[in-house]
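Asker: Below you'll find start-v2.txt; it's compact mmCIF, N, CA, C and O atoms.
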# COMPACT_ATOMS: atom_id res chain seq x y z
N LEU A 1 54.43 39.18 87.33
CA LEU A 1 53.78 40.44 87.00
C LEU A 1 52.29 40.24 87.06
O LEU A 1 51.75 39.35 86.41
N ARG A 2 51.60 41.01 87.85
CA ARG A 2 50.14 40.91 87.94
C ARG A 2 49.53 41.98 87.06
O ARG A 2 49.89 43.14 87.14
N VAL A 3 48.59 41.54 86.22
CA VAL A 3 47.88 42.47 85.35
C VAL A 3 46.40 42.17 85.43
O VAL A 3 45.99 41.02 85.65
N PRO A 4 45.53 43.19 85.26
CA PRO A 4 44.10 42.93 85.27
C PRO A 4 43.70 42.16 84.01
O PRO A 4 44.21 42.43 82.93
N LEU A 5 42.82 41.18 84.17
CA LEU A 5 42.37 40.39 83.03
C LEU A 5 41.21 41.08 82.33
O LEU A 5 40.41 41.77 82.96
N ARG A 6 41.13 40.86 81.02
CA ARG A 6 39.96 41.33 80.29
C ARG A 6 38.76 40.52 80.75
O ARG A 6 38.89 39.39 81.20
N SER A 7 37.58 41.08 80.63
CA SER A 7 36.37 40.41 81.11
C SER A 7 36.07 39.11 80.36
O SER A 7 35.43 38.23 80.89
N ASP A 8 36.56 38.96 79.12
CA ASP A 8 36.28 37.75 78.33
C ASP A 8 37.36 36.68 78.47
O ASP A 8 37.36 35.68 77.76
N THR A 9 38.30 36.84 79.41
CA THR A 9 39.38 35.88 79.59
C THR A 9 38.97 34.81 80.60
O THR A 9 38.65 35.14 81.73
N PRO A 10 38.95 33.53 80.19
CA PRO A 10 38.65 32.46 81.15
C PRO A 10 39.68 32.45 82.28
O PRO A 10 40.87 32.65 82.05
N ALA A 11 39.23 32.20 83.48
CA ALA A 11 40.10 32.26 84.66
C ALA A 11 41.22 31.22 84.61
O ALA A 11 42.26 31.39 85.23
N THR A 12 41.05 30.15 83.85
CA THR A 12 42.06 29.08 83.79
C THR A 12 43.05 29.27 82.65
O THR A 12 43.93 28.46 82.46
N SER A 13 42.93 30.34 81.91
CA SER A 13 43.79 30.56 80.74
C SER A 13 45.20 30.97 81.13
O SER A 13 45.40 31.67 82.13
N ARG A 14 46.19 30.53 80.33
CA ARG A 14 47.55 31.06 80.41
C ARG A 14 47.62 32.19 79.41
O ARG A 14 47.11 32.07 78.30
N LEU A 15 48.25 33.26 79.79
CA LEU A 15 48.29 34.44 78.93
C LEU A 15 49.71 34.86 78.63
O LEU A 15 50.63 34.66 79.43
N SER A 16 49.87 35.47 77.48
CA SER A 16 51.10 36.19 77.14
C SER A 16 50.72 37.65 77.06
O SER A 16 49.60 37.99 76.67
N ILE A 17 51.65 38.51 77.42
CA ILE A 17 51.42 39.94 77.35
C ILE A 17 52.32 40.50 76.26
O ILE A 17 53.51 40.18 76.20
N GLY A 18 51.77 41.33 75.38
CA GLY A 18 52.55 41.95 74.33
C GLY A 18 52.45 43.46 74.38
O GLY A 18 51.44 44.01 74.83
N PHE A 19 53.50 44.12 73.94
CA PHE A 19 53.51 45.59 73.85
C PHE A 19 54.53 45.97 72.80
O PHE A 19 55.43 45.22 72.47
N ARG A 20 54.39 47.16 72.25
CA ARG A 20 55.31 47.64 71.22
C ARG A 20 56.59 48.15 71.88
O ARG A 20 56.56 48.74 72.95
N PRO A 21 57.72 47.93 71.22
CA PRO A 21 59.01 48.34 71.80
C PRO A 21 59.09 49.83 72.14
O PRO A 21 59.75 50.22 73.10
N HIS A 22 58.40 50.69 71.39
CA HIS A 22 58.47 52.13 71.66
C HIS A 22 57.56 52.56 72.81
O HIS A 22 57.62 53.70 73.25
N ALA A 23 56.73 51.64 73.32
CA ALA A 23 55.82 51.97 74.42
C ALA A 23 56.46 51.79 75.79
O ALA A 23 55.82 52.03 76.80
N VAL A 24 57.71 51.38 75.84
CA VAL A 24 58.41 51.09 77.09
C VAL A 24 59.32 52.26 77.46
O VAL A 24 60.00 52.82 76.61
N LYS A 25 59.30 52.64 78.71
CA LYS A 25 60.20 53.69 79.22
C LYS A 25 61.45 53.05 79.80
O LYS A 25 61.37 52.03 80.47
N VAL A 26 62.60 53.64 79.53
CA VAL A 26 63.86 53.15 80.07
C VAL A 26 64.25 54.03 81.26
O VAL A 26 64.19 55.25 81.18
N GLY A 27 64.62 53.39 82.35
CA GLY A 27 65.05 54.11 83.54
C GLY A 27 66.23 53.43 84.19
O GLY A 27 66.72 52.41 83.70
N HIS A 28 66.70 54.01 85.27
CA HIS A 28 67.78 53.43 86.06
C HIS A 28 67.22 52.98 87.39
O HIS A 28 66.22 53.52 87.87
N GLN A 29 67.87 52.03 88.01
CA GLN A 29 67.34 51.46 89.24
C GLN A 29 67.23 52.47 90.37
O GLN A 29 66.37 52.34 91.23
N ASP A 30 68.04 53.52 90.37
CA ASP A 30 67.97 54.51 91.44
C ASP A 30 67.09 55.71 91.09
O ASP A 30 67.01 56.68 91.86
N ASP A 31 66.40 55.68 89.95
CA ASP A 31 65.49 56.76 89.56
C ASP A 31 64.23 56.77 90.42
O ASP A 31 63.83 55.74 90.96
N VAL A 32 63.58 57.92 90.48
CA VAL A 32 62.23 57.99 91.02
C VAL A 32 61.32 57.59 89.87
O VAL A 32 61.36 58.19 88.79
N HIS A 33 60.52 56.54 90.06
CA HIS A 33 59.74 55.98 88.97
C HIS A 33 58.30 56.49 88.97
O HIS A 33 57.67 56.58 90.02
N ASP A 34 57.81 56.79 87.79
CA ASP A 34 56.44 57.24 87.57
C ASP A 34 55.48 56.11 87.93
O ASP A 34 55.60 54.99 87.42
N ALA A 35 54.51 56.38 88.80
CA ALA A 35 53.59 55.36 89.29
C ALA A 35 52.61 54.87 88.23
O ALA A 35 51.94 53.86 88.44
N ARG A 36 52.53 55.54 87.08
CA ARG A 36 51.64 55.06 86.01
C ARG A 36 52.15 53.79 85.35
O ARG A 36 51.42 53.11 84.65
N TYR A 37 53.40 53.47 85.57
CA TYR A 37 54.05 52.34 84.92
C TYR A 37 54.34 51.23 85.93
O TYR A 37 54.55 51.48 87.10
N THR A 38 54.37 50.00 85.42
CA THR A 38 54.89 48.87 86.17
C THR A 38 56.36 48.76 85.79
O THR A 38 56.68 48.70 84.60
N TRP A 39 57.25 48.75 86.79
CA TRP A 39 58.69 48.80 86.53
C TRP A 39 59.31 47.43 86.77
O TRP A 39 59.04 46.80 87.79
N LEU A 40 60.11 47.00 85.81
CA LEU A 40 60.79 45.71 85.88
C LEU A 40 62.29 45.92 85.74
O LEU A 40 62.74 46.72 84.92
N ALA A 41 63.07 45.20 86.54
CA ALA A 41 64.53 45.31 86.48
C ALA A 41 65.06 44.34 85.43
O ALA A 41 64.58 43.21 85.31
N GLY A 42 66.05 44.78 84.66
CA GLY A 42 66.65 43.93 83.65
C GLY A 42 68.07 44.37 83.35
O GLY A 42 68.57 45.35 83.91
N THR A 43 68.71 43.63 82.44
CA THR A 43 70.08 43.90 82.04
C THR A 43 70.16 44.01 80.52
O THR A 43 69.61 43.15 79.81
N VAL A 44 70.83 45.04 80.03
CA VAL A 44 70.98 45.25 78.59
C VAL A 44 71.86 44.15 78.02
O VAL A 44 72.98 43.95 78.47
N GLU A 45 71.33 43.43 77.00
CA GLU A 45 72.09 42.36 76.33
C GLU A 45 72.64 42.79 74.97
O GLU A 45 73.65 42.26 74.52
N ASN A 46 71.94 43.71 74.32
CA ASN A 46 72.37 44.13 72.98
C ASN A 46 71.87 45.55 72.74
O ASN A 46 70.82 45.95 73.24
N VAL A 47 72.63 46.31 71.95
CA VAL A 47 72.28 47.69 71.60
C VAL A 47 72.39 47.82 70.08
O VAL A 47 73.40 47.40 69.50
N GLU A 48 71.37 48.40 69.45
CA GLU A 48 71.38 48.58 68.00
C GLU A 48 70.87 49.97 67.66
O GLU A 48 69.79 50.37 68.10
N PHE A 49 71.65 50.71 66.89
CA PHE A 49 71.25 52.05 66.46
C PHE A 49 70.34 51.91 65.24
O PHE A 49 70.71 51.29 64.25
N LEU A 50 69.12 52.47 65.31
CA LEU A 50 68.15 52.38 64.21
C LEU A 50 67.90 53.73 63.54
O LEU A 50 66.97 53.84 62.76
N GLY A 51 68.69 54.74 63.84
CA GLY A 51 68.47 56.06 63.27
C GLY A 51 67.70 56.94 64.24
O GLY A 51 68.27 57.66 65.02
N ARG A 52 66.39 56.85 64.20
CA ARG A 52 65.55 57.64 65.11
C ARG A 52 65.46 57.05 66.51
O ARG A 52 64.96 57.70 67.42
N ALA A 53 65.89 55.82 66.66
CA ALA A 53 65.79 55.16 67.96
C ALA A 53 67.01 54.28 68.21
O ALA A 53 67.72 53.90 67.28
N ILE A 54 67.20 53.97 69.47
CA ILE A 54 68.17 52.98 69.89
C ILE A 54 67.35 51.78 70.36
O ILE A 54 66.46 51.93 71.19
N ARG A 55 67.62 50.62 69.79
CA ARG A 55 66.91 49.41 70.20
C ARG A 55 67.78 48.63 71.17
O ARG A 55 68.93 48.33 70.89
N TYR A 56 67.19 48.33 72.32
CA TYR A 56 67.85 47.52 73.34
C TYR A 56 67.16 46.17 73.44
O TYR A 56 65.93 46.09 73.36
N ARG A 57 67.94 45.12 73.59
CA ARG A 57 67.39 43.83 74.00
C ARG A 57 67.77 43.71 75.46
O ARG A 57 68.95 43.76 75.82
N VAL A 58 66.75 43.58 76.30
CA VAL A 58 66.94 43.58 77.75
C VAL A 58 66.51 42.23 78.30
O VAL A 58 65.42 41.74 77.99
N ARG A 59 67.36 41.63 79.10
CA ARG A 59 67.06 40.34 79.74
C ARG A 59 66.36 40.60 81.06
O ARG A 59 66.86 41.31 81.92
N ILE A 60 65.15 40.04 81.18
CA ILE A 60 64.38 40.10 82.43
C ILE A 60 64.07 38.65 82.79
O ILE A 60 63.22 38.02 82.15
N GLY A 61 64.79 38.10 83.73
CA GLY A 61 64.60 36.68 84.08
C GLY A 61 64.90 35.81 82.88
O GLY A 61 65.96 35.90 82.27
N ASP A 62 63.93 34.97 82.51
CA ASP A 62 64.08 34.06 81.37
C ASP A 62 63.67 34.69 80.05
O ASP A 62 63.67 34.02 79.02
N HIS A 63 63.29 35.95 80.06
CA HIS A 63 62.72 36.59 78.87
C HIS A 63 63.61 37.71 78.35
O HIS A 63 64.25 38.42 79.12
N ALA A 64 63.62 37.87 77.03
CA ALA A 64 64.29 39.01 76.40
C ALA A 64 63.21 39.95 75.89
O ALA A 64 62.24 39.52 75.27
N VAL A 65 63.36 41.23 76.18
CA VAL A 65 62.38 42.25 75.80
C VAL A 65 63.07 43.26 74.89
O VAL A 65 64.19 43.69 75.17
N LEU A 66 62.40 43.62 73.78
CA LEU A 66 62.92 44.67 72.90
C LEU A 66 62.34 46.01 73.31
O LEU A 66 61.14 46.12 73.54
N VAL A 67 63.20 47.00 73.36
CA VAL A 67 62.81 48.35 73.77
C VAL A 67 63.42 49.34 72.79
O VAL A 67 64.61 49.27 72.50
N ASP A 68 62.60 50.26 72.28
CA ASP A 68 63.09 51.33 71.41
C ASP A 68 63.03 52.65 72.17
O ASP A 68 61.95 53.09 72.58
N GLU A 69 64.19 53.25 72.36
CA GLU A 69 64.28 54.54 73.03
C GLU A 69 64.60 55.59 71.98
O GLU A 69 65.53 55.40 71.18
N PRO A 70 63.83 56.69 71.92
CA PRO A 70 64.12 57.72 70.91
C PRO A 70 65.57 58.19 71.01
O PRO A 70 66.11 58.35 72.10
N HIS A 71 66.19 58.37 69.84
CA HIS A 71 67.58 58.84 69.79
C HIS A 71 67.59 60.35 69.61
O HIS A 71 66.91 60.89 68.74
N HIS A 72 68.34 61.02 70.46
CA HIS A 72 68.53 62.46 70.36
C HIS A 72 70.02 62.73 70.24
O HIS A 72 70.84 62.09 70.91
N ARG A 73 70.37 63.65 69.38
CA ARG A 73 71.78 63.99 69.17
C ARG A 73 72.46 64.30 70.51
O ARG A 73 71.95 65.08 71.31
N GLY A 74 73.57 63.66 70.73
CA GLY A 74 74.33 63.88 71.96
C GLY A 74 73.89 63.04 73.14
O GLY A 74 74.55 63.05 74.18
N ALA A 75 72.79 62.32 73.01
CA ALA A 75 72.31 61.49 74.12
C ALA A 75 73.19 60.26 74.27
O ALA A 75 73.68 59.72 73.28
N SER A 76 73.40 59.83 75.49
CA SER A 76 74.22 58.64 75.72
C SER A 76 73.37 57.38 75.60
O SER A 76 72.16 57.41 75.82
N ARG A 77 74.02 56.29 75.24
CA ARG A 77 73.36 55.00 75.11
C ARG A 77 73.64 54.17 76.36
O ARG A 77 74.66 54.35 77.02
N GLN A 78 72.74 53.25 76.63
CA GLN A 78 72.97 52.27 77.70
C GLN A 78 73.97 51.25 77.16
O GLN A 78 73.83 50.78 76.03
N ALA A 79 74.95 50.88 77.93
CA ALA A 79 75.96 49.92 77.49
C ALA A 79 75.50 48.49 77.76
O ALA A 79 74.71 48.25 78.69
N VAL A 80 75.97 47.56 76.96
CA VAL A 80 75.71 46.14 77.20
C VAL A 80 76.20 45.80 78.61
O VAL A 80 77.28 46.22 79.02
N GLY A 81 75.38 45.08 79.35
CA GLY A 81 75.71 44.71 80.73
C GLY A 81 75.16 45.65 81.78
O GLY A 81 75.22 45.36 82.97
N THR A 82 74.61 46.79 81.35
CA THR A 82 74.07 47.78 82.29
C THR A 82 72.74 47.29 82.87
O THR A 82 71.87 46.81 82.15
N ASP A 83 72.57 47.42 84.19
CA ASP A 83 71.29 47.13 84.83
C ASP A 83 70.40 48.34 84.70
O ASP A 83 70.80 49.46 85.05
N ILE A 84 69.19 48.15 84.16
CA ILE A 84 68.24 49.23 83.96
C ILE A 84 66.87 48.78 84.44
O ILE A 84 66.68 47.62 84.82
N THR A 85 65.92 49.70 84.42
CA THR A 85 64.53 49.35 84.69
C THR A 85 63.71 49.71 83.46
O THR A 85 64.03 50.65 82.72
N LEU A 86 62.65 48.95 83.24
CA LEU A 86 61.73 49.19 82.12
C LEU A 86 60.36 49.50 82.69
O LEU A 86 59.85 48.76 83.53
N GLY A 87 59.79 50.61 82.23
CA GLY A 87 58.47 51.00 82.65
C GLY A 87 57.44 50.63 81.60
O GLY A 87 57.54 51.05 80.45
N ILE A 88 56.46 49.82 81.99
CA ILE A 88 55.43 49.36 81.08
C ILE A 88 54.08 49.87 81.57
O ILE A 88 53.70 49.60 82.71
N GLU A 89 53.39 50.60 80.72
CA GLU A 89 52.06 51.10 81.05
C GLU A 89 51.07 50.00 80.67
O GLU A 89 50.94 49.64 79.50
N LEU A 90 50.38 49.45 81.67
CA LEU A 90 49.52 48.29 81.42
C LEU A 90 48.42 48.58 80.42
O LEU A 90 48.00 47.69 79.69
N ALA A 91 47.97 49.82 80.32
CA ALA A 91 46.93 50.17 79.36
C ALA A 91 47.41 49.98 77.91
O ALA A 91 46.60 49.83 77.01
N ARG A 92 48.71 49.96 77.70
CA ARG A 92 49.27 49.79 76.35
C ARG A 92 49.66 48.34 76.05
O ARG A 92 50.20 48.05 75.00
N CYS A 93 49.36 47.44 76.97
CA CYS A 93 49.65 46.02 76.77
C CYS A 93 48.44 45.32 76.17
O CYS A 93 47.30 45.74 76.36
N ARG A 94 48.70 44.24 75.47
CA ARG A 94 47.65 43.39 74.91
C ARG A 94 47.83 41.99 75.46
O ARG A 94 48.96 41.52 75.61
N GLN A 95 46.71 41.33 75.75
CA GLN A 95 46.73 39.97 76.26
C GLN A 95 46.45 38.99 75.14
O GLN A 95 45.56 39.22 74.32
N PHE A 96 47.20 37.90 75.12
CA PHE A 96 47.03 36.86 74.12
C PHE A 96 46.97 35.52 74.83
O PHE A 96 47.70 35.29 75.78
N ALA A 97 46.12 34.62 74.34
CA ALA A 97 46.08 33.26 74.88
C ALA A 97 47.39 32.58 74.59
O ALA A 97 47.88 32.66 73.45
N ALA A 98 47.98 31.96 75.58
CA ALA A 98 49.29 31.31 75.38
C ALA A 98 49.11 29.88 74.89
O ALA A 98 48.11 29.28 75.01
What is this file in structure tokens?

Answerer:
Amino acid sequence: LRVPLRSDTPATSRLSIGFRPHAVKVGHQDDVHDARYTWLAGTVENVEFLGRAIRYRVRIGDHAVLVDEPHHRGASRQAVGTDITLGIELARCRQFAA
């Protein structure tokens, strides 16, 4: 994943990227994706109902990502094992020295 570096980041630094679970958009691989987001393919590993949201743990390569999707009455949930895409708006990400 390529992201623009902050101006105060040394060029030789290793970085971690962080974002809040509710800042991620959930999509399907055959959807038309909004160009404002960087889209990553993953697989749902776990589903947890939190009341106002459904929390998904999604496997993307070697990493697990938590995603909170707002829960609406009658809305369907993504099942464990489902391939989905996650949309991340880079402006909502934070960079941390690794």

Asker: Please indicate the distance in Å from atom CA of A:Arg59 to atom CA of A:Ala79, rounded to one decimal place.

Answerer: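 Straight-line distance from atom CA of A:Arg59 to atom CA of A:Ala79 works out to 13.3 Å.
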
Asker: In Å, rounded to a single decimal, give me how far atom N of A:Ser16 is from atom C of A:Gly81.

Answerer: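 Distance reported for this atom pair: 27.6 Å.
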
Asker: Can you list, as a PyMOL selection string, all residues belonging to stretch 12-55 of chain A that DSSP tags as strand (DSSP E)?

Answerer: chain A and resi 15-18+24-27+38-49+53-55

Asker: Taking the point (47.6, 52.7, 77.0) as given in the file, collect each protein or nucleic acid residue that comes within 12 Å of it, counting only C-alpha atoms, and present the set as a ChimeraX atom specification.

Answerer: /A:19-20,23-24,36-37,88-94

Asker: Quick one: distance from atom CA of A:Leu40 to atom CA of A:Leu15 in Å, one decimal?

Answerer: 18.2 Å

Asker: My list of candidates is A:Ala53, A:Val32, A:Ile84, A:Val58. Which is closest to A:Pro70 when distances are computed with all atoms listed in the file?

Answerer: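 Using all atoms listed in the file, the shortest distance to A:Pro70 belongs to A:Ala53.
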
Asker: Would you give me, as a PyMOL selection string, the residues in chain A that DSSP reads as helix (DSSP H, G or I)?

Answerer: chain A and resi 21-23+90-92

Asker: Taking all listed atoms of stretch 21-39 of chain A, build the axis-aligned box, pad each of the six sides by 5 Å, then write its centre and edge lengths in Å to one decimal as lines of an AutoDock Vina configuration file.

Answerer:
center_x = 59.7
center_y = 52.5
center_z = 81.5
size_x = 26.6
size_y = 21.4
size_z = 30.6

Asker: Let me make sure I understand: among A:Leu86, A:Leu66, A:Val26, A:Ile60, which one has the smallest atom-to-atom distance to A:Thr38 if we use all atoms listed in the file?

Answerer: A:Leu86

Asker: Which of these residues is nearest to A:Arg57, using only N, CA, C and O atoms: A:Asp31, A:Val44, A:Gln78, A:His71?

Answerer: A:Val44
